[in-house]
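S.K.: Sharing a structure below in structure tokens format, with a few things to ask.
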Amino acid sequence: MIRITIILLVLICTIASFSPMLYTNNEAEEIAILNTNTNSELDQKINTLNKKLINAAKSKDFSSVKQIYTDDALLLTDYHPIIDGISNIEIYYSNIFQKQDVTIYTKETTEILDLGNRIMEIGTFQKTCTNMEPLHGKYWNVWKPLEDGQLRLESESFGYSHKVADLVPILVKEIQEKAPGPDIRNGKKILPELQAYDAFGKEHVRERNVEKVICTYTEDCKYYRFANTVIEGRENLEEYYKGYYGHPVTIDSISISTYDYTQVNNGFIKYSKFYVEWTVPDFSGKTEGTNTIFWRREEDCTLKKHRLIGFHLPDTN
């Protein structure tokens, strides 16, 4: 059954790779932009921008960095739905800055993936405030290179690598209480290939099938888990899923949807929503959240998850 499913996915992505509808004109033009920065120049630009973002948090002044973001930027973070657009991101940070009295805030870039028309920066952060417990976690920044050489922040994803005891200083009720947004951003047409992988995702979650889920990751994958540390490599990830899927859980209902995506030179950066209703002996509940995923195109034409960072909404069970 796994072999048949994989063959179908290969056929879909093979057709997609030759489809003239794969790129819009704008996307094709963006992918054609050549990145002329050397690694050191790129590192310096990203470090400078991160320093500005850190200083904004310390000075409680989002207006000083608002121009760094694109107007249609996305923000994904723990305990919140997808925060869509610069106006909502401003609401989020204006509230967070007022709640948190930051004394120490550091970021360390651990990886930069040059994806042609986008730059994916992955790193870790440490934050100390006078009025809350210390926070440490992981972050992803997706930078959009402009023709003049500048970078703009198109999406930001960050979460904590530990359980947070007091959620009040990191929650923005105004964002949480907004009416649920659509499953798909602005009615965007989702490619059949991505829909197929969403459907396959639902299949292996329902079946608690380790073999099926592992075949969707690259050998050198990294999975940045919710409230936990990163898992590196498919071999380690397989051991994790053997334990995770080994629990006696029945999946009553599941939804996985692509909210938005950006096509890059060798795959997709994908922003997803998920909702699962489940039952364990003597108890039922639900788990809801979001993901940012870099799906990389492999030599056999399939897409595989190369990098994934996951977030959960607050537990209401």
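Naming works like this for the structure tokens: A, B, ... for the chains as they're shown, residue 1 at the start of each chain, ligands 1 onward in shown order.
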Check segment 185-226 of chain A with DSSP on the backbone and list each residue it calls strand (DSSP E), as a list in words.
M.R.: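 Secondary structure check on segment 185-226 of chain A, strand (DSSP E): Tyr217, Thr218, Glu219, Asp220, Cys221, Lys222, Tyr223 and Tyr224 of chain A.
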S.K.: Would you please extract all alpha helix (DSSP H) residues from segment 54-159 of chain A, as assigned by DSSP on the backbone, and give them as an NGL selection string?
M.R.: :A and (54-59 or 86-99)
S.K.: Take the residues from that selection and put them in a file with C-alpha atoms, as a tab-separated table (two decimals), in the first residue's frame.
M.R.:
```
chain	number	residue	atom	x	y	z
A	54	ILE	CA	16.15	42.65	19.22
A	55	ASN	CA	16.47	46.38	19.95
A	56	ALA	CA	12.81	46.89	19.07
A	57	ALA	CA	11.83	44.33	21.71
A	58	LYS	CA	14.05	45.97	24.31
A	59	SER	CA	12.82	49.48	23.53
A	86	ILE	CA	1.62	43.52	8.91
A	87	SER	CA	-1.32	45.17	10.70
A	88	ASN	CA	-2.01	42.02	12.76
A	89	ILE	CA	1.70	41.46	13.38
A	90	GLU	CA	1.88	45.00	14.71
A	91	ILE	CA	-1.03	44.29	17.07
A	92	TYR	CA	0.75	41.16	18.30
A	93	TYR	CA	4.13	42.77	18.95
A	94	SER	CA	2.72	45.98	20.39
A	95	ASN	CA	0.96	43.87	23.03
A	96	ILE	CA	3.93	41.56	23.64
A	97	PHE	CA	6.34	44.47	23.99
A	98	GLN	CA	4.15	46.06	26.65
A	99	LYS	CA	3.92	42.80	28.59
```
S.K.: Residues within 7 Å of segment 245-255 of chain A, please, as a ChimeraX atom specification. Count only C-alpha atoms; anything in the same chain fewer than 4 positions from it doesn't count.
M.R.: /A:202,206,208,241,274-280
S.K.: Near segment 264-270 of chain A, counting only C-alpha atoms, which residues have an atom at most 8 Å away, once you skip same-chain residues fewer than 4 positions from it, shown as a PyMOL selection string?
M.R.: chain A and resi 31+115-118+258-260+291-297+303
S.K.: Which is closer to Asn50 of chain A than all the others in A:Cys129, A:Leu113, A:Leu151, A:Ala227, using only C-alpha atoms?
M.R.: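 Nearest candidate to Asn50 of chain A out of A:Cys129, A:Leu113, A:Leu151, A:Ala227: A:Leu151.
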S.K.: I'd like to know which of A:Met132, A:Ile231, A:Leu237, A:Leu313 is closest to Val168 of chain A, using only C-alpha atoms.
M.R.: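 So, comparing all the options, the nearest one is A:Met132.
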S.K.: Considering only C-alpha atoms, return as a PyMOL selection string whatever protein or nucleic-acid residues lie within 10 Å of Lys163 of chain A, sequence-local ones (same chain, fewer than 5 positions apart) excluded.
M.R.: chain A and resi 135+226-228
S.K.: Quick one, how far is atom CA of Gly243 of chain A from atom CA of Gly201 of chain A?
M.R.: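 Between atom CA of Gly243 of chain A and atom CA of Gly201 of chain A the gap works out to 18.0 Å.
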S.K.: Have a look at A:Thr218, A:Ala199, A:Arg234, A:Ser272 and name the one nearest to Glu298 of chain A; count only C-alpha atoms.
M.R.: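 Ranked by minimum distance to Glu298 of chain A, first place goes to A:Thr218.
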S.K.: Counting only C-alpha atoms, which residue out of A:Lys144, A:Tyr105, A:Asp43, A:Val205 sits closest to Phe125 of chain A?
M.R.: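 The shortest atom-to-atom distance to Phe125 of chain A comes from A:Tyr105.
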